[in-house]
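Just upload_30.cif here, mmCIF, N, CA and C atoms:
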```cif
data_coords
loop_
_atom_site.label_atom_id
_atom_site.label_comp_id
_atom_site.auth_asym_id
_atom_site.auth_seq_id
_atom_site.Cartn_x
_atom_site.Cartn_y
_atom_site.Cartn_z
N MET T 1 -86.72 -37.47 -3.40
CA MET T 1 -85.88 -36.66 -2.56
C MET T 1 -84.40 -37.02 -2.76
N LEU T 2 -84.10 -38.32 -2.83
CA LEU T 2 -82.73 -38.77 -3.01
C LEU T 2 -82.20 -38.35 -4.38
N THR T 3 -82.99 -38.50 -5.40
CA THR T 3 -82.53 -38.08 -6.74
C THR T 3 -82.33 -36.57 -6.80
N PHE T 4 -83.14 -35.85 -6.10
CA PHE T 4 -82.96 -34.40 -6.05
C PHE T 4 -81.60 -34.05 -5.43
N LEU T 5 -81.23 -34.73 -4.33
CA LEU T 5 -79.94 -34.48 -3.69
C LEU T 5 -78.78 -34.86 -4.60
N ILE T 6 -78.92 -35.96 -5.30
CA ILE T 6 -77.85 -36.41 -6.20
C ILE T 6 -77.63 -35.38 -7.29
N PHE T 7 -78.74 -34.92 -7.91
CA PHE T 7 -78.59 -34.00 -9.03
C PHE T 7 -78.20 -32.59 -8.59
N THR T 8 -78.59 -32.18 -7.44
CA THR T 8 -78.30 -30.80 -7.03
C THR T 8 -76.96 -30.68 -6.28
N ILE T 9 -76.51 -31.73 -5.62
CA ILE T 9 -75.29 -31.62 -4.82
C ILE T 9 -74.11 -32.38 -5.44
N LEU T 10 -74.30 -33.63 -5.78
CA LEU T 10 -73.19 -34.46 -6.23
C LEU T 10 -72.77 -34.22 -7.67
N ILE T 11 -73.69 -34.03 -8.56
CA ILE T 11 -73.36 -33.85 -9.98
C ILE T 11 -72.48 -32.61 -10.18
N PRO T 12 -72.76 -31.49 -9.56
CA PRO T 12 -71.86 -30.33 -9.74
C PRO T 12 -70.46 -30.54 -9.14
N LEU T 13 -70.30 -31.48 -8.22
CA LEU T 13 -69.00 -31.73 -7.60
C LEU T 13 -68.09 -32.64 -8.43
N ILE T 14 -68.60 -33.31 -9.42
CA ILE T 14 -67.81 -34.27 -10.21
C ILE T 14 -66.58 -33.61 -10.86
N PRO T 15 -66.68 -32.46 -11.51
CA PRO T 15 -65.46 -31.84 -12.06
C PRO T 15 -64.44 -31.47 -10.97
N ALA T 16 -64.91 -31.02 -9.83
CA ALA T 16 -64.00 -30.66 -8.74
C ALA T 16 -63.31 -31.91 -8.21
N LEU T 17 -64.04 -33.01 -8.06
CA LEU T 17 -63.44 -34.26 -7.58
C LEU T 17 -62.42 -34.79 -8.58
N ALA T 18 -62.68 -34.62 -9.87
CA ALA T 18 -61.73 -35.07 -10.89
C ALA T 18 -60.43 -34.28 -10.80
N SER T 19 -60.52 -32.97 -10.63
CA SER T 19 -59.30 -32.18 -10.55
C SER T 19 -58.54 -32.47 -9.26
N ILE T 20 -59.25 -32.74 -8.17
CA ILE T 20 -58.59 -33.11 -6.92
C ILE T 20 -57.86 -34.43 -7.08
N SER T 21 -58.48 -35.38 -7.78
CA SER T 21 -57.82 -36.68 -7.95
C SER T 21 -56.59 -36.56 -8.84
N ILE T 22 -56.61 -35.65 -9.82
CA ILE T 22 -55.42 -35.43 -10.65
C ILE T 22 -54.30 -34.85 -9.80
N PHE T 23 -54.60 -33.84 -8.98
CA PHE T 23 -53.59 -33.26 -8.10
C PHE T 23 -53.07 -34.29 -7.10
N LEU T 24 -53.97 -35.15 -6.62
CA LEU T 24 -53.57 -36.19 -5.69
C LEU T 24 -52.61 -37.17 -6.35
N CYS T 25 -52.88 -37.55 -7.60
CA CYS T 25 -51.99 -38.46 -8.32
C CYS T 25 -50.62 -37.82 -8.54
N PHE T 26 -50.59 -36.54 -8.94
CA PHE T 26 -49.32 -35.85 -9.11
C PHE T 26 -48.58 -35.73 -7.78
N GLY T 27 -49.31 -35.49 -6.70
CA GLY T 27 -48.69 -35.39 -5.38
C GLY T 27 -48.07 -36.71 -4.95
N ILE T 28 -48.76 -37.80 -5.19
CA ILE T 28 -48.23 -39.13 -4.85
C ILE T 28 -47.00 -39.44 -5.69
N ALA T 29 -47.04 -39.12 -6.98
CA ALA T 29 -45.89 -39.36 -7.85
C ALA T 29 -44.68 -38.53 -7.40
N TYR T 30 -44.90 -37.25 -7.08
CA TYR T 30 -43.80 -36.40 -6.61
C TYR T 30 -43.25 -36.91 -5.28
N GLY T 31 -44.12 -37.34 -4.38
CA GLY T 31 -43.68 -37.88 -3.09
C GLY T 31 -42.84 -39.14 -3.26
N ALA T 32 -43.24 -40.00 -4.18
CA ALA T 32 -42.47 -41.22 -4.45
C ALA T 32 -41.11 -40.87 -5.04
N TYR T 33 -41.06 -39.90 -5.94
CA TYR T 33 -39.79 -39.45 -6.53
C TYR T 33 -38.88 -38.87 -5.46
N TRP T 34 -39.41 -38.01 -4.60
CA TRP T 34 -38.64 -37.37 -3.54
C TRP T 34 -38.10 -38.42 -2.57
N LEU T 35 -38.95 -39.38 -2.19
CA LEU T 35 -38.54 -40.42 -1.26
C LEU T 35 -37.46 -41.31 -1.87
N SER T 36 -37.59 -41.66 -3.14
CA SER T 36 -36.58 -42.50 -3.78
C SER T 36 -35.24 -41.78 -3.86
N ASN T 37 -35.25 -40.47 -4.04
CA ASN T 37 -33.99 -39.71 -4.04
C ASN T 37 -33.36 -39.69 -2.66
N LYS T 38 -34.15 -39.61 -1.61
CA LYS T 38 -33.62 -39.58 -0.25
C LYS T 38 -33.05 -40.93 0.17
N LEU T 39 -33.46 -42.01 -0.49
CA LEU T 39 -32.97 -43.34 -0.14
C LEU T 39 -31.64 -43.68 -0.82
N ASN T 40 -31.21 -42.86 -1.77
CA ASN T 40 -29.94 -43.06 -2.46
C ASN T 40 -28.86 -42.34 -1.65
N VAL T 41 -28.28 -43.05 -0.67
CA VAL T 41 -27.33 -42.45 0.27
C VAL T 41 -25.97 -43.13 0.15
N GLU T 42 -24.92 -42.31 0.11
CA GLU T 42 -23.55 -42.79 0.13
C GLU T 42 -22.82 -42.08 1.27
N TYR T 43 -21.72 -42.67 1.71
CA TYR T 43 -20.89 -42.05 2.73
C TYR T 43 -19.49 -41.90 2.18
N GLU T 44 -18.86 -40.78 2.49
CA GLU T 44 -17.50 -40.52 2.05
C GLU T 44 -16.63 -40.27 3.27
N TYR T 45 -15.49 -40.94 3.31
CA TYR T 45 -14.53 -40.79 4.39
C TYR T 45 -13.34 -40.02 3.84
N ILE T 46 -12.99 -38.91 4.49
CA ILE T 46 -11.91 -38.06 4.03
C ILE T 46 -10.89 -37.92 5.16
N ILE T 47 -9.63 -38.23 4.85
CA ILE T 47 -8.57 -38.07 5.85
C ILE T 47 -7.61 -37.00 5.34
N THR T 48 -7.48 -35.94 6.14
CA THR T 48 -6.59 -34.83 5.80
C THR T 48 -5.75 -34.49 7.03
N ASN T 49 -4.45 -34.69 6.92
CA ASN T 49 -3.52 -34.35 8.01
C ASN T 49 -3.94 -34.96 9.34
N GLY T 50 -4.36 -36.21 9.32
CA GLY T 50 -4.71 -36.90 10.55
C GLY T 50 -6.11 -36.63 11.05
N TRP T 51 -6.90 -35.91 10.30
CA TRP T 51 -8.28 -35.58 10.68
C TRP T 51 -9.22 -36.37 9.79
N LEU T 52 -10.12 -37.16 10.38
CA LEU T 52 -11.09 -37.94 9.62
C LEU T 52 -12.42 -37.22 9.61
N ASP T 53 -12.91 -36.92 8.42
CA ASP T 53 -14.23 -36.33 8.23
C ASP T 53 -15.11 -37.36 7.55
N ILE T 54 -16.36 -37.45 8.00
CA ILE T 54 -17.32 -38.36 7.38
C ILE T 54 -18.48 -37.52 6.87
N ASP T 55 -18.75 -37.64 5.57
CA ASP T 55 -19.82 -36.91 4.91
C ASP T 55 -20.89 -37.87 4.42
N LYS T 56 -22.13 -37.41 4.46
CA LYS T 56 -23.26 -38.16 3.93
C LYS T 56 -23.67 -37.48 2.63
N ILE T 57 -23.72 -38.26 1.55
CA ILE T 57 -24.07 -37.74 0.24
C ILE T 57 -25.42 -38.33 -0.15
N ILE T 58 -26.39 -37.46 -0.39
CA ILE T 58 -27.74 -37.90 -0.72
C ILE T 58 -27.97 -37.64 -2.20
N ASN T 59 -28.31 -38.71 -2.92
CA ASN T 59 -28.64 -38.66 -4.34
C ASN T 59 -27.53 -38.01 -5.18
N LYS T 60 -26.30 -38.17 -4.78
CA LYS T 60 -25.12 -37.65 -5.48
C LYS T 60 -25.19 -36.15 -5.72
N SER T 61 -25.99 -35.44 -4.92
CA SER T 61 -26.11 -34.00 -5.15
C SER T 61 -25.92 -33.17 -3.89
N SER T 62 -26.43 -33.62 -2.77
CA SER T 62 -26.27 -32.81 -1.56
C SER T 62 -25.36 -33.55 -0.57
N ARG T 63 -24.49 -32.78 0.05
CA ARG T 63 -23.48 -33.32 0.96
C ARG T 63 -23.68 -32.70 2.33
N LYS T 64 -23.57 -33.54 3.36
CA LYS T 64 -23.71 -33.06 4.73
C LYS T 64 -22.59 -33.67 5.57
N ARG T 65 -21.87 -32.84 6.29
CA ARG T 65 -20.81 -33.32 7.17
C ARG T 65 -21.47 -33.96 8.39
N ILE T 66 -21.16 -35.23 8.64
CA ILE T 66 -21.75 -35.93 9.79
C ILE T 66 -20.89 -35.72 11.03
N THR T 67 -19.60 -35.97 10.89
CA THR T 67 -18.71 -35.82 12.04
C THR T 67 -17.28 -35.70 11.55
N GLY T 68 -16.42 -35.29 12.45
CA GLY T 68 -15.00 -35.20 12.16
C GLY T 68 -14.23 -35.23 13.48
N PHE T 69 -13.05 -35.82 13.45
CA PHE T 69 -12.23 -35.89 14.67
C PHE T 69 -10.80 -36.21 14.29
N ASP T 70 -9.91 -36.01 15.26
CA ASP T 70 -8.49 -36.27 15.11
C ASP T 70 -8.23 -37.77 15.31
N LEU T 71 -7.58 -38.39 14.34
CA LEU T 71 -7.32 -39.84 14.42
C LEU T 71 -6.35 -40.21 15.54
N SER T 72 -5.54 -39.27 15.99
CA SER T 72 -4.64 -39.59 17.09
C SER T 72 -5.40 -39.76 18.41
N ARG T 73 -6.66 -39.38 18.42
CA ARG T 73 -7.50 -39.50 19.63
C ARG T 73 -8.36 -40.76 19.63
N VAL T 74 -8.11 -41.67 18.69
CA VAL T 74 -8.88 -42.92 18.63
C VAL T 74 -8.53 -43.77 19.84
N ILE T 75 -9.55 -44.24 20.55
CA ILE T 75 -9.31 -45.08 21.73
C ILE T 75 -9.80 -46.51 21.53
N ARG T 76 -10.57 -46.72 20.45
CA ARG T 76 -11.09 -48.06 20.19
C ARG T 76 -11.37 -48.21 18.70
N LEU T 77 -10.92 -49.32 18.13
CA LEU T 77 -11.17 -49.64 16.74
C LEU T 77 -11.20 -51.14 16.62
N GLU T 78 -12.34 -51.68 16.25
CA GLU T 78 -12.46 -53.13 16.12
C GLU T 78 -13.55 -53.48 15.12
N LYS T 79 -13.51 -54.71 14.68
CA LYS T 79 -14.51 -55.20 13.74
C LYS T 79 -15.89 -55.05 14.38
N TYR T 80 -16.86 -54.55 13.59
CA TYR T 80 -18.18 -54.28 14.13
C TYR T 80 -18.96 -55.56 14.37
N ASN T 81 -19.60 -55.61 15.52
CA ASN T 81 -20.51 -56.69 15.88
C ASN T 81 -21.68 -56.02 16.60
N PRO T 82 -22.91 -56.28 16.21
CA PRO T 82 -24.04 -55.60 16.85
C PRO T 82 -24.08 -55.75 18.38
N SER T 83 -23.50 -56.81 18.91
CA SER T 83 -23.51 -56.98 20.36
C SER T 83 -22.62 -55.94 21.06
N LEU T 84 -21.68 -55.33 20.31
CA LEU T 84 -20.81 -54.31 20.91
C LEU T 84 -21.58 -53.05 21.31
N ILE T 85 -22.69 -52.79 20.63
CA ILE T 85 -23.44 -51.57 20.91
C ILE T 85 -24.78 -51.85 21.56
N ALA T 86 -24.98 -53.06 22.04
CA ALA T 86 -26.26 -53.44 22.62
C ALA T 86 -26.64 -52.57 23.81
N ASN T 87 -25.68 -52.18 24.62
CA ASN T 87 -25.96 -51.39 25.82
C ASN T 87 -25.78 -49.90 25.62
N MET T 88 -25.48 -49.46 24.40
CA MET T 88 -25.25 -48.04 24.14
C MET T 88 -26.53 -47.38 23.63
N ASP T 89 -26.60 -46.08 23.81
CA ASP T 89 -27.70 -45.30 23.27
C ASP T 89 -27.48 -45.13 21.77
N ARG T 90 -28.40 -45.65 20.96
CA ARG T 90 -28.23 -45.64 19.50
C ARG T 90 -28.22 -44.22 18.93
N LYS T 91 -28.71 -43.25 19.68
CA LYS T 91 -28.69 -41.86 19.19
C LYS T 91 -27.28 -41.29 19.20
N GLN T 92 -26.40 -41.86 20.00
CA GLN T 92 -25.02 -41.37 20.08
C GLN T 92 -24.11 -42.02 19.04
N ILE T 93 -24.60 -43.04 18.36
CA ILE T 93 -23.77 -43.78 17.40
C ILE T 93 -24.05 -43.27 15.99
N VAL T 94 -22.99 -43.00 15.25
CA VAL T 94 -23.12 -42.58 13.86
C VAL T 94 -22.91 -43.81 12.98
N PHE T 95 -23.92 -44.16 12.22
CA PHE T 95 -23.81 -45.27 11.28
C PHE T 95 -23.48 -44.69 9.91
N ALA T 96 -22.24 -44.85 9.49
CA ALA T 96 -21.79 -44.32 8.21
C ALA T 96 -21.58 -45.45 7.21
N CYS T 97 -22.40 -46.48 7.33
CA CYS T 97 -22.42 -47.60 6.39
C CYS T 97 -23.67 -48.42 6.70
N ASN T 98 -23.86 -49.46 5.96
CA ASN T 98 -24.96 -50.38 6.20
C ASN T 98 -24.61 -51.23 7.44
N GLU T 99 -25.54 -51.36 8.35
CA GLU T 99 -25.27 -52.13 9.58
C GLU T 99 -24.92 -53.59 9.29
N GLN T 100 -25.41 -54.14 8.21
CA GLN T 100 -25.15 -55.54 7.89
C GLN T 100 -23.86 -55.73 7.09
N ASP T 101 -23.13 -54.67 6.84
CA ASP T 101 -21.89 -54.76 6.08
C ASP T 101 -20.87 -55.60 6.84
N GLU T 102 -20.33 -56.61 6.20
CA GLU T 102 -19.39 -57.51 6.89
C GLU T 102 -18.01 -56.88 7.05
N ASN T 103 -17.74 -55.78 6.35
CA ASN T 103 -16.46 -55.08 6.48
C ASN T 103 -16.56 -53.85 7.38
N ALA T 104 -17.58 -53.77 8.19
CA ALA T 104 -17.79 -52.61 9.05
C ALA T 104 -16.91 -52.68 10.29
N TYR T 105 -16.51 -51.50 10.77
CA TYR T 105 -15.70 -51.36 11.97
C TYR T 105 -16.38 -50.39 12.93
N LEU T 106 -16.14 -50.60 14.21
CA LEU T 106 -16.61 -49.69 15.26
C LEU T 106 -15.41 -48.89 15.72
N LEU T 107 -15.54 -47.58 15.66
CA LEU T 107 -14.46 -46.69 16.05
C LEU T 107 -14.96 -45.73 17.13
N THR T 108 -14.18 -45.56 18.18
CA THR T 108 -14.49 -44.60 19.24
C THR T 108 -13.30 -43.66 19.37
N ALA T 109 -13.59 -42.36 19.38
CA ALA T 109 -12.54 -41.36 19.50
C ALA T 109 -12.94 -40.30 20.51
N GLU T 110 -11.95 -39.81 21.23
CA GLU T 110 -12.19 -38.73 22.19
C GLU T 110 -12.27 -37.40 21.43
N ARG T 111 -13.14 -36.52 21.91
CA ARG T 111 -13.24 -35.17 21.35
C ARG T 111 -13.24 -34.17 22.50
N ASP T 112 -12.57 -33.06 22.31
CA ASP T 112 -12.48 -32.04 23.35
C ASP T 112 -13.84 -31.41 23.62
N GLY T 113 -14.27 -31.47 24.88
CA GLY T 113 -15.50 -30.81 25.28
C GLY T 113 -16.78 -31.43 24.77
N LYS T 114 -16.68 -32.55 24.10
CA LYS T 114 -17.86 -33.23 23.56
C LYS T 114 -17.82 -34.69 23.96
N PRO T 115 -18.96 -35.38 23.87
CA PRO T 115 -18.93 -36.83 24.13
C PRO T 115 -18.07 -37.53 23.09
N ASN T 116 -17.60 -38.70 23.45
CA ASN T 116 -16.79 -39.48 22.51
C ASN T 116 -17.57 -39.73 21.22
N ALA T 117 -16.85 -39.72 20.11
CA ALA T 117 -17.45 -40.05 18.82
C ALA T 117 -17.48 -41.57 18.68
N ILE T 118 -18.65 -42.12 18.44
CA ILE T 118 -18.80 -43.56 18.24
C ILE T 118 -19.34 -43.75 16.82
N ILE T 119 -18.56 -44.39 15.98
CA ILE T 119 -18.88 -44.47 14.56
C ILE T 119 -18.78 -45.91 14.08
N VAL T 120 -19.76 -46.31 13.31
CA VAL T 120 -19.72 -47.59 12.60
C VAL T 120 -19.53 -47.23 11.13
N PHE T 121 -18.41 -47.67 10.56
CA PHE T 121 -18.12 -47.32 9.18
C PHE T 121 -17.42 -48.47 8.48
N SER T 122 -17.33 -48.36 7.16
CA SER T 122 -16.76 -49.43 6.36
C SER T 122 -15.64 -48.87 5.48
N PRO T 123 -14.41 -48.81 6.01
CA PRO T 123 -13.31 -48.22 5.24
C PRO T 123 -12.76 -49.19 4.19
N ASN T 124 -12.40 -48.65 3.04
CA ASN T 124 -11.72 -49.49 2.06
C ASN T 124 -10.24 -49.57 2.42
N ASN T 125 -9.45 -50.28 1.62
CA ASN T 125 -8.03 -50.48 1.94
C ASN T 125 -7.25 -49.17 1.98
N LYS T 126 -7.59 -48.23 1.11
CA LYS T 126 -6.90 -46.95 1.07
C LYS T 126 -7.14 -46.16 2.36
N ILE T 127 -8.36 -46.16 2.85
CA ILE T 127 -8.69 -45.46 4.09
C ILE T 127 -8.06 -46.18 5.28
N GLN T 128 -8.06 -47.51 5.26
CA GLN T 128 -7.42 -48.26 6.34
C GLN T 128 -5.93 -47.92 6.45
N THR T 129 -5.26 -47.83 5.31
CA THR T 129 -3.84 -47.48 5.30
C THR T 129 -3.62 -46.08 5.86
N ALA T 130 -4.49 -45.16 5.50
CA ALA T 130 -4.37 -43.79 6.01
C ALA T 130 -4.64 -43.74 7.51
N ILE T 131 -5.61 -44.51 7.98
CA ILE T 131 -5.90 -44.56 9.41
C ILE T 131 -4.70 -45.13 10.17
N GLU T 132 -4.05 -46.15 9.60
CA GLU T 132 -2.88 -46.76 10.25
C GLU T 132 -1.74 -45.75 10.43
N LYS T 133 -1.65 -44.77 9.54
CA LYS T 133 -0.59 -43.77 9.64
C LYS T 133 -0.80 -42.82 10.82
N PHE T 134 -2.05 -42.50 11.13
CA PHE T 134 -2.33 -41.45 12.10
C PHE T 134 -2.87 -41.93 13.44
N ALA T 135 -3.54 -43.06 13.47
CA ALA T 135 -4.12 -43.57 14.73
C ALA T 135 -3.03 -44.31 15.52
N PRO T 136 -3.24 -44.47 16.81
CA PRO T 136 -2.26 -45.23 17.62
C PRO T 136 -2.05 -46.63 17.05
N LYS T 137 -0.78 -47.03 16.97
CA LYS T 137 -0.41 -48.29 16.32
C LYS T 137 -1.00 -49.53 16.99
N PHE T 138 -1.01 -49.56 18.31
CA PHE T 138 -1.53 -50.74 18.99
C PHE T 138 -3.02 -50.93 18.73
N ILE T 139 -3.72 -49.87 18.42
CA ILE T 139 -5.15 -49.98 18.13
C ILE T 139 -5.37 -50.45 16.69
N THR T 140 -4.68 -49.85 15.74
CA THR T 140 -4.88 -50.23 14.34
C THR T 140 -4.33 -51.62 14.03
N ASN T 141 -3.21 -51.99 14.66
CA ASN T 141 -2.65 -53.33 14.43
C ASN T 141 -3.63 -54.41 14.85
N SER T 142 -4.27 -54.24 15.98
CA SER T 142 -5.20 -55.26 16.44
C SER T 142 -6.49 -55.27 15.62
N ALA T 143 -6.86 -54.15 15.04
CA ALA T 143 -8.13 -54.08 14.31
C ALA T 143 -7.99 -54.56 12.87
N PHE T 144 -7.00 -54.07 12.15
CA PHE T 144 -6.90 -54.33 10.71
C PHE T 144 -6.10 -55.57 10.36
N LYS T 145 -5.35 -56.11 11.27
CA LYS T 145 -4.54 -57.29 10.95
C LYS T 145 -5.30 -58.60 11.10
N ASN T 146 -6.47 -58.56 11.72
CA ASN T 146 -7.24 -59.80 11.93
C ASN T 146 -8.06 -60.13 10.73
#
```

Encoded form (structure tokens):
Amino acid sequence: MLTFLIFTILIPLIPALASISIFLCFGIAYGAYWLSNKLNVEYEYIITNGWLDIDKIINKSSRKRITGFDLSRVIRLEKYNPSLIANMDRKQIVFACNEQDENAYLLTAERDGKPNAIIVFSPNNKIQTAIEKFAPKFITNSAFKN
């Protein structure tokens, strides 16, 4: 009885199982490729006429605007420390750099009709100089001079 079941049911399924396993292997390979592309993330900071825009670039091909605000509305800028955001809702914070980056800064800016923008980012010297031109001086002096 058992041999009858094996020969009548399982043997005809072997070609179908082989083709399913091939599709499964291709699916896993494509998923791994797609996931590896999504993990290649860069952030770009653009300052134009006192307006800071932060873009997320995925795999050097797709760009998405994360946030933008007027630098004259900055109310807080300081060296990033994870304890600064311990009591904040992490959904409201935009991380535009690696959290462990030692050159990261926490910036808070007011926006009209919206909640304050809270951003953790890692500006290079060129961006820091541009921020110093447009943000309030007492805020940038205390943040970038230390």

Note to self: I want to know what sits within 8 Å of T:Ile118, based on all atoms listed in the file, with residues of the same chain fewer than 4 positions away left out; could you give that as a list in words?
What the structure shows: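 Returned residues: Gln92, Ile93, Val94, Phe95, Ala96, Leu106, Leu107, Thr108, Ala109 and Glu110 of chain T.
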
Next item on the list: Please return as a ChimeraX atom specification: the residues of chain T that backbone DSSP assigns to strand (DSSP E).
Entry: /T:41-48,51-58,62-70,74-79,93-96,105-111,114-121

Next item on the list: Please indicate the distance in Å from atom C of T:Leu52 to atom CA of T:Asn87, rounded to one decimal place.
Entry: 25.4 Å

Margin query: With distances taken over only N, CA and C atoms, which residue among T:Pro136, T:Glu102, T:Ser142, T:Asn124 lies nearest T:Ile75?
Written below: T:Pro136

Notebook entry, point to check: Between atom CA of T:Ile47 and atom N of T:Ile127, what is the distance, to one decimal in Å?
Noted result: 8.6 Å

Note to self: I'd like the interatomic distance between atom N of T:Arg73 and atom N of T:Lys137, to a tenth of an Å.
What the structure shows: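 According to the coordinates, atom N of T:Arg73 and atom N of T:Lys137 are separated by 9.8 Å.
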
Check: Hey, what does DSSP flag as helix (DSSP H, G or I) within chain T? Can you give it to me as a PyMOL selection string?
Finding: chain T and resi 2-38+71-73+82-85+90-92+125-134+137-144

Checklist line | Picked residues, the PyMOL selection byres ((chain T and resi 56) around 7), as a ChimeraX atom specification | finding: /T:41-44,54-55,57-58,62-66

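Nearest to T:Asp101 of all the residues T:Ala29, T:Gly113, T:Ser21, T:Ser122 is T:Ser122, based on all atoms listed in the file.
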
Note to self: Under the PyMOL selection byres (((chain T and resi 72 and name CA) around 8) and name CA), which residues of this model are included? Write them out as a PyMOL selection string.
What the structure shows: chain T and resi 50+70-71+73-74+134-136

Next item on the list: For each of T:Phe69, T:Met88, T:Pro82, T:Lys145, take the minimum atom-to-atom distance to T:Ala117, counting only N, CA and C atoms, then give the residue where this is smallest.
Entry: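 Of T:Phe69, T:Met88, T:Pro82, T:Lys145, the one nearest T:Ala117 is T:Phe69, counting only N, CA and C atoms.
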
Note to self: Given all atoms listed in the file as the basis, pick out the residue of T:Phe23, T:Trp34, T:Phe121, T:Tyr45 nearest to T:Tyr105.
What the structure shows: T:Phe121

Checklist line | Residues matched by the PyMOL selection byres (((chain T and resi 81 and name CA) around 10) and name CA), written as a list in words | finding: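 Going through the file, the PyMOL selection byres (((chain T and resi 81 and name CA) around 10) and name CA) ends up selecting Glu78, Lys79, Tyr80, Pro82, Ser83, Leu84, Ile85, Ala86, Glu99, Gln100, Glu102, Ala104, Tyr105, Leu106 and Val120 of chain T.
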